[in-house]
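Student: I have a structure I would like to understand better, so I am pasting it below and will then ask my questions one at a time.
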4 protein chains.
Amino acid sequence: MARRRLTPEQRREELLEAADLLLQACGTALRVEDITTAAGAAKGTFYTCFDTWDDLLIAVRDRRLAMVEQRITPLFDPTAPQHWPPLLPRLAQVLVAFILDLGKLHEVLFHSTFHLRHPLPPEVEPATRFAALLRAGQAAGAYVDLDPEPTGALIFAMIHETADSIAAGTDYERAMRALTTALNRLVLKPNGASSCHSPTQDALC
Amino acid sequence: MARRRLTPEQRREELLEAADLLLQACGTALRVEDITTAAGAAKGTFYTCFDTWDDLLIAVRDRRLAMVEQRITPLFDPTAPQHWPPLLPRLAQVLVAFILDLGKLHEVLFHSTFHLRHPLPPEVEPATRFAALLRAGQAAGAYVDLDPEPTGALIFAMIHETADSIAAGTDYERAMRALTTALNRLVLKPNGASSCHSPTQDALC
Amino acid sequence: MARRRLTPEQRREELLEAADLLLQACGTALRVEDITTAAGAAKGTFYTCFDTWDDLLIAVRDRRLAMVEQRITPLFDPTAPQHWPPLLPRLAQVLVAFILDLGKLHEVLFHSTFHLRHPLPPEVEPATRFAALLRAGQAAGAYVDLDPEPTGALIFAMIHETADSIAAGTDYERAMRALTTALNRLVLKPNGASSCHSPTQDALC
Amino acid sequence: MARRRLTPEQRREELLEAADLLLQACGTALRVEDITTAAGAAKGTFYTCFDTWDDLLIAVRDRRLAMVEQRITPLFDPTAPQHWPPLLPRLAQVLVAFILDLGKLHEVLFHSTFHLRHPLPPEVEPATRFAALLRAGQAAGAYVDLDPEPTGALIFAMIHETADSIAAGTDYERAMRALTTALNRLVLKPNGASSCHSPTQDALC
DNA sequence: AATGAATGAGGTTTCATTCAT
DNA sequence: TATGAATGAAACCTCATTCAT
């Protein structure tokens, strides 16, 4: 009725905002019309902005990833001077917080067939980035020698699992402590008892 | 038209067999009618054997789990005399093989909303079983002290991730080697370099 | 399983008994299998006794009609010495009681498309019988001259409606009083106020 | 394929028109798809106009009731100066014509379980309106004292029955004459023989 | 560019009836 | 005769996507 003329970018942004919010709350049950209604647009307008439902999900995902990117870029940046031991726990903390914040959007993006149809591009794929980080840490002599690519994937799998557990009811502190311990045992050299304690504490405060 | 009269068990088994096979090949796209057609039955027959589509998936999953069960039960059994170090890698090997063998059934059962609606019962949930195993290994003095429940979940997450990677194209040997190393570093005491090498070799041969 | 060999008549009777009971309680929602289960028979046995669902309903109806028949035959019998004024109210009483006793069977038999497919045979059709009664009453000089066939139908329509009203919550006494009054005004000659009072009282005690 | 874009009201009206026509001809056997096909619409379009099959029937019924409403409103109106004696027969005439005109739609709306699920709202329920009319006629001294509510129901029951009889083959004139006589005997005071004759004649011409 | 009515394939499920055993 | 597994047509409804306006 009241036709609001917006730039395509504005339109798209409004739909994305609505979709993000509603997906977070409703998950898989969400329909195209719910989004356009919430955004004050007509159903057909959806398809002037997105070719397909999956395209919307990709855009929503990109948007979320962009939001976390600024927080993790400095941590992942191999050119920056790194304090290696607490680095992984810190990244874990940030990523777990990111995942938990997704709410039901998490299952839509990462526990449905969508992410099989549309895997993350390598440059944002956490496994890849952890692999690069591992490599840098190894070069710096801070991490033990592990095959970077598969191990990077394992690291992120543990982080992801921890987020899922917490979302499913596991105590946050307990899960994070176990994760931190595991990450440290995996990559740090066992020089004295310190490696298993202080980083953990650092990471959690 | 040509009506075949079977016992409910036989019919159910034929439908399960067909469903298993087709799900393995087609994944999410499969419909009730595809299964009955493949099994030489009428559509309605499906509903004499299964109340609902999800019930079928549960039955298919149970069937697969039963097949792997005999192979992992002795390994998980905490009363049996265990050779602790190679135990986890061996379990990993079996479970990865199990997951890979699922084909597209894997995504249907474990990467879709189905498994959010119907999580595995705790007694077969790998995370729980790894927790028990960890506890036993710790009591035996073979494993380091780690919080069993969350760590059990992490262990299975790594195994699951490894299977996914391999299914996605990662080299099997490489992925398994990284997994074995990670598992060993996580649970074994770093007494000598042996712990990181020989078990790996054992597990992979 | 435990196959009970009965004569066809016994079988049929058991199914009828179960069907009657369950239809009274469940109405339209009842299914073939509910009946056979309740009668301790297999589903297919139903079709050795009745060709079709409608045939069952016909049999149930006949059975109910036979039960009421002995109570109304003497009242309808035009050869018996009749006390004309209270006759219609008395029949109304019996028929209303009969209908109310049907419970949900009533809607199945008389408020569904079944009774359009299978109208009552004329010899038990109340309209026809009321027509005969009217004729006899007129011959006896007790009833006014009314076209017997259509008026017989109207009389039963009022009785039926009264039963429906009571089933729907109208007060029994009030509904019956109005019905009795209407019947009397319809067929009796208005000789004195008596005709509207005493028969009513007779009928209701 | 050839898509016709109509306003919701137009589309709804076309579907209603088609449904009305087909229900009149086919009765209970009609399916959603028959209607949409006849109306040149797709199956799904049905559900943009009606939530449910029952909702369609309600709309069809309302439509038919609205058509008869203008003809009976003045007759039922208790504020209008009434010529009481011929009023009921005239209403009967109109209502019988209305019912007969329904064709098989009649059984769908009034002899099926639909009307048990969705009884008429009281303000259009004939029994209620006849009750009001009786009350007004009694206040005007034109009708005898009868309990208005149950008697109103009886009056409509007779009218309904008469329509059913005629639909089933009874001669129209004969049935209507009997009905008129019955209505008059029921509500009019027996002052002279006139009450039973002239109104009848009036009503039928 | 925006609208929202229209599409139509697809989904699950029910149950009177049939028929091989 | 009795069984109960099997049939399969039909029902209702959803919703991503299209397209006339």
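Labels used: A, B, ... for chains in the order of the structure tokens, numbers from 1 for residues in each chain, and numbers from 1 for ligands as shown.
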Enumerate as a list in words all residues of range 90-126 of chain B assigned to alpha helix (DSSP H) by DSSP on the backbone, naming them with the chain letters and numbers the document uses.
Tutor: Arg90, Leu91, Ala92, Gln93, Val94, Leu95, Val96, Ala97, Phe98, Ile99, Leu100, Asp101, Leu102, Leu105, His106, Glu107, Val108, Leu109, Phe110, Phe114, His115, Leu116, Arg117 and Pro126 of chain B
Student: Write out, as a compact mmCIF listing (two decimals), in the first residue's frame, the residues just selected, with N, CA and C atoms.
Tutor:
# COMPACT_ATOMS: atom_id res chain seq x y z
N ARG B 90 41.96 -46.05 17.87
CA ARG B 90 41.25 -47.16 17.26
C ARG B 90 39.76 -46.86 17.16
N LEU B 91 39.24 -46.32 18.24
CA LEU B 91 37.84 -45.92 18.21
C LEU B 91 37.60 -44.88 17.11
N ALA B 92 38.52 -43.96 17.02
CA ALA B 92 38.40 -42.92 16.00
C ALA B 92 38.32 -43.56 14.62
N GLN B 93 39.20 -44.49 14.41
CA GLN B 93 39.23 -45.19 13.12
C GLN B 93 37.88 -45.83 12.79
N VAL B 94 37.36 -46.54 13.78
CA VAL B 94 36.08 -47.23 13.57
C VAL B 94 34.96 -46.22 13.30
N LEU B 95 34.94 -45.18 14.11
CA LEU B 95 33.86 -44.20 13.97
C LEU B 95 33.95 -43.43 12.66
N VAL B 96 35.15 -43.08 12.28
CA VAL B 96 35.31 -42.37 11.01
C VAL B 96 34.85 -43.27 9.86
N ALA B 97 35.25 -44.52 9.92
CA ALA B 97 34.81 -45.45 8.88
C ALA B 97 33.29 -45.53 8.85
N PHE B 98 32.72 -45.59 10.04
CA PHE B 98 31.26 -45.65 10.15
C PHE B 98 30.61 -44.43 9.50
N ILE B 99 31.12 -43.27 9.82
CA ILE B 99 30.51 -42.04 9.29
C ILE B 99 30.68 -41.97 7.78
N LEU B 100 31.87 -42.29 7.30
CA LEU B 100 32.10 -42.22 5.86
C LEU B 100 31.18 -43.17 5.12
N ASP B 101 30.94 -44.29 5.76
CA ASP B 101 30.11 -45.30 5.12
C ASP B 101 28.66 -44.84 5.00
N LEU B 102 28.27 -43.84 5.79
CA LEU B 102 26.89 -43.36 5.74
C LEU B 102 26.57 -42.63 4.44
N LEU B 105 23.55 -40.19 3.85
CA LEU B 105 22.75 -40.43 5.04
C LEU B 105 23.31 -39.65 6.22
N HIS B 106 24.58 -39.42 6.16
CA HIS B 106 25.23 -38.67 7.23
C HIS B 106 24.63 -37.27 7.37
N GLU B 107 24.49 -36.60 6.26
CA GLU B 107 23.93 -35.25 6.38
C GLU B 107 22.48 -35.28 6.83
N VAL B 108 21.75 -36.29 6.37
CA VAL B 108 20.35 -36.39 6.78
C VAL B 108 20.25 -36.59 8.29
N LEU B 109 21.07 -37.46 8.82
CA LEU B 109 20.96 -37.80 10.24
C LEU B 109 21.67 -36.79 11.14
N PHE B 110 22.78 -36.26 10.66
CA PHE B 110 23.62 -35.50 11.59
C PHE B 110 23.92 -34.06 11.18
N PHE B 114 16.89 -32.72 11.68
CA PHE B 114 16.42 -33.97 12.30
C PHE B 114 17.11 -34.22 13.63
N HIS B 115 18.40 -34.07 13.64
CA HIS B 115 19.10 -34.46 14.86
C HIS B 115 18.96 -33.41 15.96
N LEU B 116 18.38 -32.27 15.60
CA LEU B 116 18.01 -31.33 16.66
C LEU B 116 16.68 -31.75 17.27
N ARG B 117 15.81 -32.28 16.41
CA ARG B 117 14.53 -32.76 16.92
C ARG B 117 14.70 -34.07 17.68
N PRO B 126 27.97 -40.58 21.57
CA PRO B 126 29.43 -40.78 21.69
C PRO B 126 30.06 -39.91 22.77
Student: Select from chain A every residue with an atom at most 7 Å from any atom of chain E, then for each give the shortest pair of atoms and their distance in Å to one decimal, using only C-alpha atoms (C1' of nucleotides), rows by chain and rising number, as a Markdown table.
Tutor:
| residue | atom | partner | partner_atom | distance |
| --- | --- | --- | --- | --- |
| A:Ala42 | CA | E:DT3 | C1' | 5.9 |
| A:Lys43 | CA | E:DG4 | C1' | 6.6 |
| A:Gly44 | CA | E:DT3 | C1' | 6.6 |
| A:Thr45 | CA | E:DA2 | C1' | 6.2 |
Student: For Ala41 in chain B, please output as a list in words all residues within 12 Å (counting only C-alpha atoms (C1' of nucleotides); exclusion window: fewer than 3 positions along the same chain).
Tutor: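 In the requested format, the answer is Met1, Ala2, Arg3, Arg4, Arg5, Leu6, Arg11, Arg12, Glu14, Leu15, Ala18, Val32, Glu33, Asp34, Ile35, Thr36, Thr37, Ala38, Gly44, Thr45, Phe46, Tyr47, Thr48 and Cys49 of chain B; DA5, DA6, DT7 and DG8 of chain F.
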Student: Using only C-alpha atoms, what table do you get, as CSV, when you list each residue of chain B with an atom no more than 8 Å from chain A, its nearest pair of atoms, and their distance in Å rounded to one decimal, rows by chain then rising number?
Tutor:
residue,atom,partner,partner_atom,distance
B:Glu107,CA,A:Thr113,CA,7.1
B:His111,CA,A:His111,CA,5.2
B:Ser112,CA,A:Ser112,CA,4.1
B:Thr113,CA,A:Ser112,CA,5.9
B:Leu146,CA,A:Ala178,CA,7.1
B:Asp147,CA,A:Ala178,CA,6.3
B:Pro150,CA,A:Ala175,CA,5.7
B:Thr151,CA,A:Ala178,CA,6.1
B:Ala153,CA,A:Glu161,CA,7.2
B:Leu154,CA,A:Met158,CA,5.3
B:Ile155,CA,A:Met158,CA,7.9
B:Ala157,CA,A:Ala157,CA,5.9
B:Met158,CA,A:Leu154,CA,5.3
B:Glu161,CA,A:Ala157,CA,6.2
B:Thr162,CA,A:Leu154,CA,7.3
B:Arg174,CA,A:Pro150,CA,7.6
B:Ala175,CA,A:Pro150,CA,5.7
B:Ala178,CA,A:Thr151,CA,6.0
B:Leu179,CA,A:Thr151,CA,7.3
B:Thr181,CA,A:Leu146,CA,8.0
B:Ala182,CA,A:Leu186,CA,6.0
B:Arg185,CA,A:Leu186,CA,5.6
B:Leu186,CA,A:Arg185,CA,5.6
B:Pro190,CA,A:Pro190,CA,7.6
Student: Please produce an output containing N, CA and C atoms for each residue in the selection, written as a short mmCIF file (atom, residue, chain, number, x, y, z; two decimals), in the first residue's frame.
Tutor:
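This went into again_35.cif:
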data_model
loop_
_atom_site.label_atom_id
_atom_site.label_comp_id
_atom_site.auth_asym_id
_atom_site.auth_seq_id
_atom_site.Cartn_x
_atom_site.Cartn_y
_atom_site.Cartn_z
N GLU B 107 24.49 -36.60 6.26
CA GLU B 107 23.93 -35.25 6.38
C GLU B 107 22.48 -35.28 6.83
N HIS B 111 23.53 -33.67 9.99
CA HIS B 111 23.71 -32.27 9.60
C HIS B 111 22.40 -31.67 9.11
N SER B 112 21.34 -32.04 9.75
CA SER B 112 20.05 -31.46 9.39
C SER B 112 19.29 -31.20 10.68
N THR B 113 18.11 -30.65 10.51
CA THR B 113 17.33 -30.34 11.71
C THR B 113 16.80 -31.60 12.38
N LEU B 146 41.30 -34.79 33.02
CA LEU B 146 40.56 -33.81 32.22
C LEU B 146 39.11 -33.96 32.63
N ASP B 147 38.38 -32.90 32.57
CA ASP B 147 36.96 -32.97 32.93
C ASP B 147 36.27 -33.90 31.93
N PRO B 150 32.78 -32.66 29.30
CA PRO B 150 33.05 -31.77 28.14
C PRO B 150 34.19 -32.27 27.27
N THR B 151 35.16 -32.92 27.86
CA THR B 151 36.28 -33.40 27.04
C THR B 151 35.84 -34.56 26.15
N ALA B 153 33.00 -34.80 24.81
CA ALA B 153 32.33 -34.15 23.69
C ALA B 153 33.35 -33.60 22.69
N LEU B 154 34.45 -33.06 23.21
CA LEU B 154 35.47 -32.53 22.31
C LEU B 154 36.11 -33.63 21.49
N ILE B 155 36.33 -34.74 22.12
CA ILE B 155 36.96 -35.86 21.41
C ILE B 155 36.09 -36.30 20.24
N ALA B 157 33.82 -34.58 18.79
CA ALA B 157 33.73 -33.48 17.81
C ALA B 157 34.91 -33.56 16.84
N MET B 158 36.09 -33.89 17.35
CA MET B 158 37.25 -33.99 16.46
C MET B 158 37.12 -35.17 15.51
N GLU B 161 34.52 -34.24 12.91
CA GLU B 161 35.10 -33.28 11.99
C GLU B 161 36.06 -33.96 11.00
N THR B 162 36.82 -34.88 11.52
CA THR B 162 37.76 -35.59 10.64
C THR B 162 37.01 -36.35 9.56
N ARG B 174 46.26 -38.38 5.99
CA ARG B 174 46.70 -37.14 6.61
C ARG B 174 45.73 -36.71 7.71
N ALA B 175 44.46 -36.78 7.40
CA ALA B 175 43.47 -36.37 8.39
C ALA B 175 43.52 -37.27 9.61
N ALA B 178 46.56 -36.55 11.80
CA ALA B 178 46.38 -35.35 12.62
C ALA B 178 45.43 -35.62 13.78
N LEU B 179 44.40 -36.37 13.49
CA LEU B 179 43.43 -36.68 14.55
C LEU B 179 44.09 -37.51 15.64
N THR B 181 47.20 -37.80 16.44
CA THR B 181 48.13 -36.96 17.19
C THR B 181 47.39 -36.09 18.20
N ALA B 182 46.33 -35.48 17.73
CA ALA B 182 45.58 -34.59 18.61
C ALA B 182 45.00 -35.35 19.80
N ARG B 185 47.85 -36.26 22.20
CA ARG B 185 48.34 -35.10 22.94
C ARG B 185 47.33 -34.69 24.00
N LEU B 186 46.07 -34.89 23.68
CA LEU B 186 45.04 -34.46 24.61
C LEU B 186 45.00 -35.33 25.87
N PRO B 190 52.78 -36.90 28.67
CA PRO B 190 53.92 -36.75 27.74
C PRO B 190 55.17 -37.41 28.27
#
Student: Select all residues from chain F having any atom no more than 9 Å from an atom of chain D (counting only C-alpha atoms (C1' of nucleotides), ignoring ligands), output as number ranges by chain.
Tutor: F: 11-14, 19-21
Student: Taking C-alpha atoms (C1' of nucleotides) for each residue, export the selection above as a PDB file, in the first residue's frame.
Tutor:
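Once everything was written out, this is result.pdb:
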ATOM      1  C1'  DA F  11      -7.672 -35.310   1.470  1.00  0.00           C
ATOM      2  C1'  DC F  12      -5.893 -31.071   3.218  1.00  0.00           C
ATOM      3  C1'  DC F  13      -2.428 -27.786   3.312  1.00  0.00           C
ATOM      4  C1'  DT F  14       2.366 -25.127   2.634  1.00  0.00           C
ATOM      5  C1'  DC F  19       4.684 -12.445 -12.898  1.00  0.00           C
ATOM      6  C1'  DA F  20       0.796  -9.209 -14.324  1.00  0.00           C
ATOM      7  C1'  DT F  21      -0.011  -4.840 -12.808  1.00  0.00           C
TER       8       DT F  21
END
Student: Which is closest to Pro89 in chain B among B:Asp164, B:Leu30, B:Gly169, B:Leu75, if we use only C-alpha atoms?
Tutor: B:Leu75
Student: Just give me the gap between CA of Glu9 in chain C and CA of Arg64 in chain C in Å, one decimal is fine.
Tutor: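 Calculated distance between CA of Glu9 in chain C and CA of Arg64 in chain C is 17.1 Å.
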Student: Which distance in Å separates CA of Lys104 in chain D and CA of Gly27 in chain D, to one decimal?
Tutor: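 Taking CA of Lys104 in chain D and CA of Gly27 in chain D, their separation equals 4.8 Å.
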Student: What does the structure give for the distance between CA of Pro78 in chain C and CA of Arg61 in chain C, in Å to one decimal?
Tutor: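 Between CA of Pro78 in chain C and CA of Arg61 in chain C the gap is 24.8 Å.
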